[in-house]
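The block underneath contains the structure these notes are about, expressed in structure tokens.
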Amino acid sequence: PLKRITADSMVGKLVWQLASNRIAVYSPHTSWDSAPRGINWQLAKALNLNDIRPIIPSDQDNQGDAILGSGRIGVLESPAELSTIAELLCKQIPHCRPRAVLRSKPIQSVAICCGSGGSLLDAAVLAGCDLFVTGEATFHSCLEAQYHGVGMLMVGHFASERFAMENLAKQIQEQFPSIQCWASENEHDPVCTL
């Protein structure tokens with residue numbers, strides 16, 4: 001959250017430019033990550049997981065059959081190797097650049113937290129995951145995953161979220177055809193591989 005809006009920072013300058021051009025910006029960030037059909041759920045569907053549920057269920061009332069909460073965890077139809085799962089994600093989401101903490105045993109249960117998801121690793125381990133998929137993680141989170149015998153697949157922060165922003169813009173446009181809605185056409189991953 002912004003405490004003040006000034007042109008002294010990149011974010012403040014952008015907000016001023018947008019406001020002066022009468023452009024509204026919706027940045028759902030964390031709420032879209034864990035929405036019932038949000039980013040983490042979409043990543044789980046990209047992996048064809050079954051029995052998809054939150055890693056940490058919410059205390060709020062659920063929405064029909066959609067259980068609210070942080071992250072997602074589910075089960076693969078049949079056990080798979082980490083490399084196979086990485087290949088599948090790379091086919092399903094653009095900009096995917098997988099890095100991994102290896103696991104020698106086949107994977108059945110997969111936990112997901114897009115973006116920088118290290119904060120959900122402990123809960124994912126307690127939930128019994130074999131693999132934790134996230135955008136990025138710290139070195140210490142990688143060591144923790146290795147210690148617990150959990151594989152970790154880091155696909156890139158941008159890659160783990162961008163595809164779902166495009167999906168959200170399409171959904172909003174379809175539901176409200178009288179307005180124009182689109183995901184930024186100029187946004188790109190600031191991190192590149194040399």
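Ordering of the structure tokens sets the chain letters (A, B, ...), residue numbers begin anew at 1 in every chain, and ligands are numbered from 1 in the order given.
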
Using DSSP on the backbone, list every residue of range 14-176 of chain A that comes out as helix (DSSP H, G or I), and give them as a PDB file with C-alpha atoms, in the first residue's frame.
```pdb
ATOM      1  CA  LEU A  14       3.344   6.111 -12.575  1.00  0.00           C
ATOM      2  CA  VAL A  15       0.245   6.733 -10.417  1.00  0.00           C
ATOM      3  CA  TRP A  16       0.446  10.471 -11.151  1.00  0.00           C
ATOM      4  CA  GLN A  17       0.803   9.855 -14.890  1.00  0.00           C
ATOM      5  CA  LEU A  18      -2.143   7.449 -14.929  1.00  0.00           C
ATOM      6  CA  ALA A  19      -4.369   9.751 -12.874  1.00  0.00           C
ATOM      7  CA  SER A  20      -3.533  12.783 -15.012  1.00  0.00           C
ATOM      8  CA  THR A  30      -2.754 -11.325  -3.713  1.00  0.00           C
ATOM      9  CA  SER A  31      -6.549 -11.526  -3.915  1.00  0.00           C
ATOM     10  CA  TRP A  32      -6.326 -12.881  -7.488  1.00  0.00           C
ATOM     11  CA  ASP A  33      -3.537 -15.280  -6.474  1.00  0.00           C
ATOM     12  CA  ILE A  39      -3.781 -17.771 -10.419  1.00  0.00           C
ATOM     13  CA  ASN A  40      -2.896 -20.693  -8.154  1.00  0.00           C
ATOM     14  CA  TRP A  41      -6.012 -22.594  -9.232  1.00  0.00           C
ATOM     15  CA  GLN A  42      -5.178 -21.916 -12.903  1.00  0.00           C
ATOM     16  CA  LEU A  43      -1.655 -23.277 -12.392  1.00  0.00           C
ATOM     17  CA  ALA A  44      -3.144 -26.366 -10.724  1.00  0.00           C
ATOM     18  CA  LYS A  45      -5.456 -26.852 -13.713  1.00  0.00           C
ATOM     19  CA  ALA A  46      -2.486 -26.418 -16.094  1.00  0.00           C
ATOM     20  CA  LEU A  82       9.946 -33.457 -11.823  1.00  0.00           C
ATOM     21  CA  SER A  83      11.297 -32.910 -15.362  1.00  0.00           C
ATOM     22  CA  THR A  84       7.980 -34.073 -16.847  1.00  0.00           C
ATOM     23  CA  ILE A  85       6.060 -31.588 -14.688  1.00  0.00           C
ATOM     24  CA  ALA A  86       8.453 -28.784 -15.674  1.00  0.00           C
ATOM     25  CA  GLU A  87       7.946 -29.607 -19.373  1.00  0.00           C
ATOM     26  CA  LEU A  88       4.169 -29.545 -18.960  1.00  0.00           C
ATOM     27  CA  LEU A  89       4.233 -26.137 -17.241  1.00  0.00           C
ATOM     28  CA  CYS A  90       6.525 -24.733 -19.941  1.00  0.00           C
ATOM     29  CA  LYS A  91       3.999 -25.834 -22.582  1.00  0.00           C
ATOM     30  CA  GLN A  92       1.078 -24.347 -20.625  1.00  0.00           C
ATOM     31  CA  GLY A 118       8.320 -19.292   0.105  1.00  0.00           C
ATOM     32  CA  SER A 119       6.022 -18.232   2.942  1.00  0.00           C
ATOM     33  CA  LEU A 120       3.690 -21.158   2.145  1.00  0.00           C
ATOM     34  CA  LEU A 121       6.407 -23.811   1.975  1.00  0.00           C
ATOM     35  CA  ASP A 122       5.992 -24.926   5.623  1.00  0.00           C
ATOM     36  CA  ALA A 123       2.236 -25.312   5.191  1.00  0.00           C
ATOM     37  CA  ALA A 124       2.760 -27.198   1.920  1.00  0.00           C
ATOM     38  CA  VAL A 125       5.183 -29.574   3.645  1.00  0.00           C
ATOM     39  CA  LEU A 126       2.672 -30.127   6.468  1.00  0.00           C
ATOM     40  CA  PHE A 139      18.125 -19.845  -1.110  1.00  0.00           C
ATOM     41  CA  HIS A 140      17.011 -20.697   2.434  1.00  0.00           C
ATOM     42  CA  SER A 141      13.582 -21.832   1.226  1.00  0.00           C
ATOM     43  CA  CYS A 142      15.352 -24.088  -1.270  1.00  0.00           C
ATOM     44  CA  LEU A 143      17.472 -25.554   1.532  1.00  0.00           C
ATOM     45  CA  GLU A 144      14.327 -26.112   3.603  1.00  0.00           C
ATOM     46  CA  ALA A 145      12.588 -27.918   0.731  1.00  0.00           C
ATOM     47  CA  GLN A 146      15.656 -30.098   0.246  1.00  0.00           C
ATOM     48  CA  TYR A 147      15.782 -30.875   3.972  1.00  0.00           C
ATOM     49  CA  HIS A 148      12.156 -32.059   3.927  1.00  0.00           C
ATOM     50  CA  HIS A 157       7.896 -14.751 -10.737  1.00  0.00           C
ATOM     51  CA  PHE A 158       6.629 -13.066 -13.925  1.00  0.00           C
ATOM     52  CA  ALA A 159       5.819 -16.357 -15.665  1.00  0.00           C
ATOM     53  CA  SER A 160       3.883 -17.667 -12.672  1.00  0.00           C
ATOM     54  CA  GLU A 161       1.471 -14.704 -12.745  1.00  0.00           C
ATOM     55  CA  ARG A 162       1.372 -12.951 -16.122  1.00  0.00           C
ATOM     56  CA  PHE A 163      -0.730 -15.530 -18.017  1.00  0.00           C
ATOM     57  CA  ALA A 164      -3.477 -15.226 -15.396  1.00  0.00           C
ATOM     58  CA  MET A 165      -3.559 -11.413 -15.684  1.00  0.00           C
ATOM     59  CA  GLU A 166      -4.333 -11.848 -19.380  1.00  0.00           C
ATOM     60  CA  ASN A 167      -7.070 -14.365 -18.481  1.00  0.00           C
ATOM     61  CA  LEU A 168      -8.537 -11.951 -15.908  1.00  0.00           C
ATOM     62  CA  ALA A 169      -8.645  -9.092 -18.415  1.00  0.00           C
ATOM     63  CA  LYS A 170     -10.517 -11.333 -20.883  1.00  0.00           C
ATOM     64  CA  GLN A 171     -13.011 -12.365 -18.186  1.00  0.00           C
ATOM     65  CA  ILE A 172     -13.669  -8.754 -17.174  1.00  0.00           C
ATOM     66  CA  GLN A 173     -14.104  -7.705 -20.827  1.00  0.00           C
ATOM     67  CA  GLU A 174     -16.582 -10.541 -21.421  1.00  0.00           C
ATOM     68  CA  GLN A 175     -18.614  -9.727 -18.306  1.00  0.00           C
TER      69      GLN A 175
END
```

Report as a PDB file with N, CA and C atoms, in the first residue's frame all protein, DNA and RNA residues lying within 10 Å of Ile73 in chain A, evaluated on only C-alpha atoms, omitting residues in the same chain fewer than 3 positions from it.
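Dumped everything to around-v4.pdb:
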```pdb
ATOM      1  N   ASN A  40      -3.357 -19.392  -8.648  1.00  0.00           N
ATOM      2  CA  ASN A  40      -2.896 -20.693  -8.154  1.00  0.00           C
ATOM      3  C   ASN A  40      -3.785 -21.830  -8.657  1.00  0.00           C
ATOM      4  N   TRP A  41      -5.087 -21.590  -8.709  1.00  0.00           N
ATOM      5  CA  TRP A  41      -6.012 -22.594  -9.232  1.00  0.00           C
ATOM      6  C   TRP A  41      -5.724 -22.848 -10.718  1.00  0.00           C
ATOM      7  N   ALA A  44      -2.780 -24.990 -11.071  1.00  0.00           N
ATOM      8  CA  ALA A  44      -3.144 -26.366 -10.724  1.00  0.00           C
ATOM      9  C   ALA A  44      -3.868 -27.044 -11.885  1.00  0.00           C
ATOM     10  N   LEU A  49      -4.194 -31.231 -12.098  1.00  0.00           N
ATOM     11  CA  LEU A  49      -4.305 -31.777 -10.745  1.00  0.00           C
ATOM     12  C   LEU A  49      -5.757 -32.105 -10.415  1.00  0.00           C
ATOM     13  N   ASN A  50      -5.946 -33.103  -9.601  1.00  0.00           N
ATOM     14  CA  ASN A  50      -7.257 -33.478  -9.071  1.00  0.00           C
ATOM     15  C   ASN A  50      -7.315 -33.091  -7.598  1.00  0.00           C
ATOM     16  N   ASP A  51      -8.527 -33.033  -7.048  1.00  0.00           N
ATOM     17  CA  ASP A  51      -8.731 -32.732  -5.628  1.00  0.00           C
ATOM     18  C   ASP A  51      -8.028 -31.422  -5.241  1.00  0.00           C
ATOM     19  N   ILE A  52      -8.239 -30.380  -6.043  1.00  0.00           N
ATOM     20  CA  ILE A  52      -7.583 -29.091  -5.803  1.00  0.00           C
ATOM     21  C   ILE A  52      -8.241 -28.392  -4.618  1.00  0.00           C
ATOM     22  N   ARG A  53      -7.415 -27.964  -3.678  1.00  0.00           N
ATOM     23  CA  ARG A  53      -7.899 -27.265  -2.485  1.00  0.00           C
ATOM     24  C   ARG A  53      -6.817 -26.297  -2.009  1.00  0.00           C
ATOM     25  N   PRO A  54      -7.154 -25.333  -1.156  1.00  0.00           N
ATOM     26  CA  PRO A  54      -6.148 -24.403  -0.647  1.00  0.00           C
ATOM     27  C   PRO A  54      -5.121 -25.118   0.239  1.00  0.00           C
ATOM     28  N   ILE A  55      -3.904 -24.625   0.209  1.00  0.00           N
ATOM     29  CA  ILE A  55      -2.887 -25.125   1.134  1.00  0.00           C
ATOM     30  C   ILE A  55      -3.287 -24.697   2.545  1.00  0.00           C
ATOM     31  N   ILE A  56      -3.686 -23.437   2.674  1.00  0.00           N
ATOM     32  CA  ILE A  56      -4.169 -22.905   3.948  1.00  0.00           C
ATOM     33  C   ILE A  56      -5.593 -22.412   3.731  1.00  0.00           C
ATOM     34  N   SER A  70      -5.302 -19.711   0.828  1.00  0.00           N
ATOM     35  CA  SER A  70      -4.031 -19.375   0.193  1.00  0.00           C
ATOM     36  C   SER A  70      -3.398 -20.573  -0.501  1.00  0.00           C
ATOM     37  N   SER A 109       1.751 -35.521  -5.180  1.00  0.00           N
ATOM     38  CA  SER A 109       1.049 -34.375  -4.600  1.00  0.00           C
ATOM     39  C   SER A 109       1.834 -33.094  -4.888  1.00  0.00           C
ATOM     40  N   VAL A 110       1.141 -32.082  -5.456  1.00  0.00           N
ATOM     41  CA  VAL A 110       1.789 -30.835  -5.859  1.00  0.00           C
ATOM     42  C   VAL A 110       1.124 -29.651  -5.165  1.00  0.00           C
ATOM     43  N   ALA A 111       1.936 -28.826  -4.505  1.00  0.00           N
ATOM     44  CA  ALA A 111       1.455 -27.579  -3.899  1.00  0.00           C
ATOM     45  C   ALA A 111       1.918 -26.419  -4.763  1.00  0.00           C
ATOM     46  N   ILE A 112       1.111 -25.357  -4.820  1.00  0.00           N
ATOM     47  CA  ILE A 112       1.390 -24.226  -5.708  1.00  0.00           C
ATOM     48  C   ILE A 112       1.176 -22.911  -4.972  1.00  0.00           C
ATOM     49  N   CYS A 113       2.133 -21.998  -5.134  1.00  0.00           N
ATOM     50  CA  CYS A 113       1.974 -20.617  -4.676  1.00  0.00           C
ATOM     51  C   CYS A 113       2.722 -19.734  -5.658  1.00  0.00           C
ATOM     52  N   ALA A 124       2.793 -26.200   3.001  1.00  0.00           N
ATOM     53  CA  ALA A 124       2.760 -27.198   1.920  1.00  0.00           C
ATOM     54  C   ALA A 124       3.418 -28.498   2.375  1.00  0.00           C
ATOM     55  N   ALA A 127       1.103 -30.253   4.603  1.00  0.00           N
ATOM     56  CA  ALA A 127      -0.014 -30.819   3.840  1.00  0.00           C
ATOM     57  C   ALA A 127       0.406 -32.068   3.063  1.00  0.00           C
ATOM     58  N   GLY A 128       1.698 -32.385   3.095  1.00  0.00           N
ATOM     59  CA  GLY A 128       2.175 -33.618   2.485  1.00  0.00           C
ATOM     60  C   GLY A 128       2.531 -33.531   1.020  1.00  0.00           C
ATOM     61  N   CYS A 129       2.925 -32.353   0.545  1.00  0.00           N
ATOM     62  CA  CYS A 129       3.259 -32.243  -0.875  1.00  0.00           C
ATOM     63  C   CYS A 129       4.600 -32.906  -1.183  1.00  0.00           C
ATOM     64  N   LEU A 131       5.996 -31.918  -4.228  1.00  0.00           N
ATOM     65  CA  LEU A 131       6.573 -30.855  -5.045  1.00  0.00           C
ATOM     66  C   LEU A 131       5.899 -29.544  -4.700  1.00  0.00           C
ATOM     67  N   PHE A 132       6.709 -28.492  -4.602  1.00  0.00           N
ATOM     68  CA  PHE A 132       6.208 -27.138  -4.360  1.00  0.00           C
ATOM     69  C   PHE A 132       6.543 -26.303  -5.591  1.00  0.00           C
ATOM     70  N   VAL A 133       5.516 -25.795  -6.282  1.00  0.00           N
ATOM     71  CA  VAL A 133       5.694 -24.972  -7.478  1.00  0.00           C
ATOM     72  C   VAL A 133       5.474 -23.518  -7.088  1.00  0.00           C
TER      73      VAL A 133
END
```

Next item on the list: Compile the contact shell of Cys114 in chain A as an MDAnalysis selection string: residues with an atom at most 6 Å away, counting only C-alpha atoms, same-chain residues fewer than 2 positions apart removed.
Entry: chainID A and resid 117 134:135 160

Checklist line | Shell of 10 Å around Lys105 in chain A, only C-alpha atoms, local chain residues under 6 positions omitted, as a ChimeraX atom specification | finding: /A:79-82,130,149-151

Check: So what do you get for CA of Ile93 in chain A versus CA of Ser27 in chain A, distance-wise?
Finding: 20.3 Å

Note to self: Could you check the closest approach to Arg99 in chain A for each of A:Leu76, A:Val191, A:Leu153, A:Gly69 and tell me which residue wins, using only C-alpha atoms?
What the structure shows: A:Leu153

Next item on the list: Once DSSP has gone over the backbone, tell me which residues of range 22-143 of chain A are in strand (DSSP E or B), as a VMD selection string.
Entry: chain A and resid 50 to 53 56 to 57 63 66 69 to 70 72 to 80 99 to 101 107 to 116 131 to 136

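Of the listed residues A:Asn48, A:Gln60, A:Ser116, A:Ser184, the one whose atoms come nearest to Ser78 in chain A is A:Asn48, with distances taken using only C-alpha atoms.
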
Check: Rounded to one decimal in Å, what is the spacing between CA of Arg97 in chain A and CA of Cys192 in chain A?
Finding: 9.7 Å

Checklist line | Between CA of Ala183 in chain A and CA of Val155 in chain A, distance in Å (one decimal) | finding: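 According to the coordinates, CA of Ala183 in chain A and CA of Val155 in chain A are separated by 20.5 Å.
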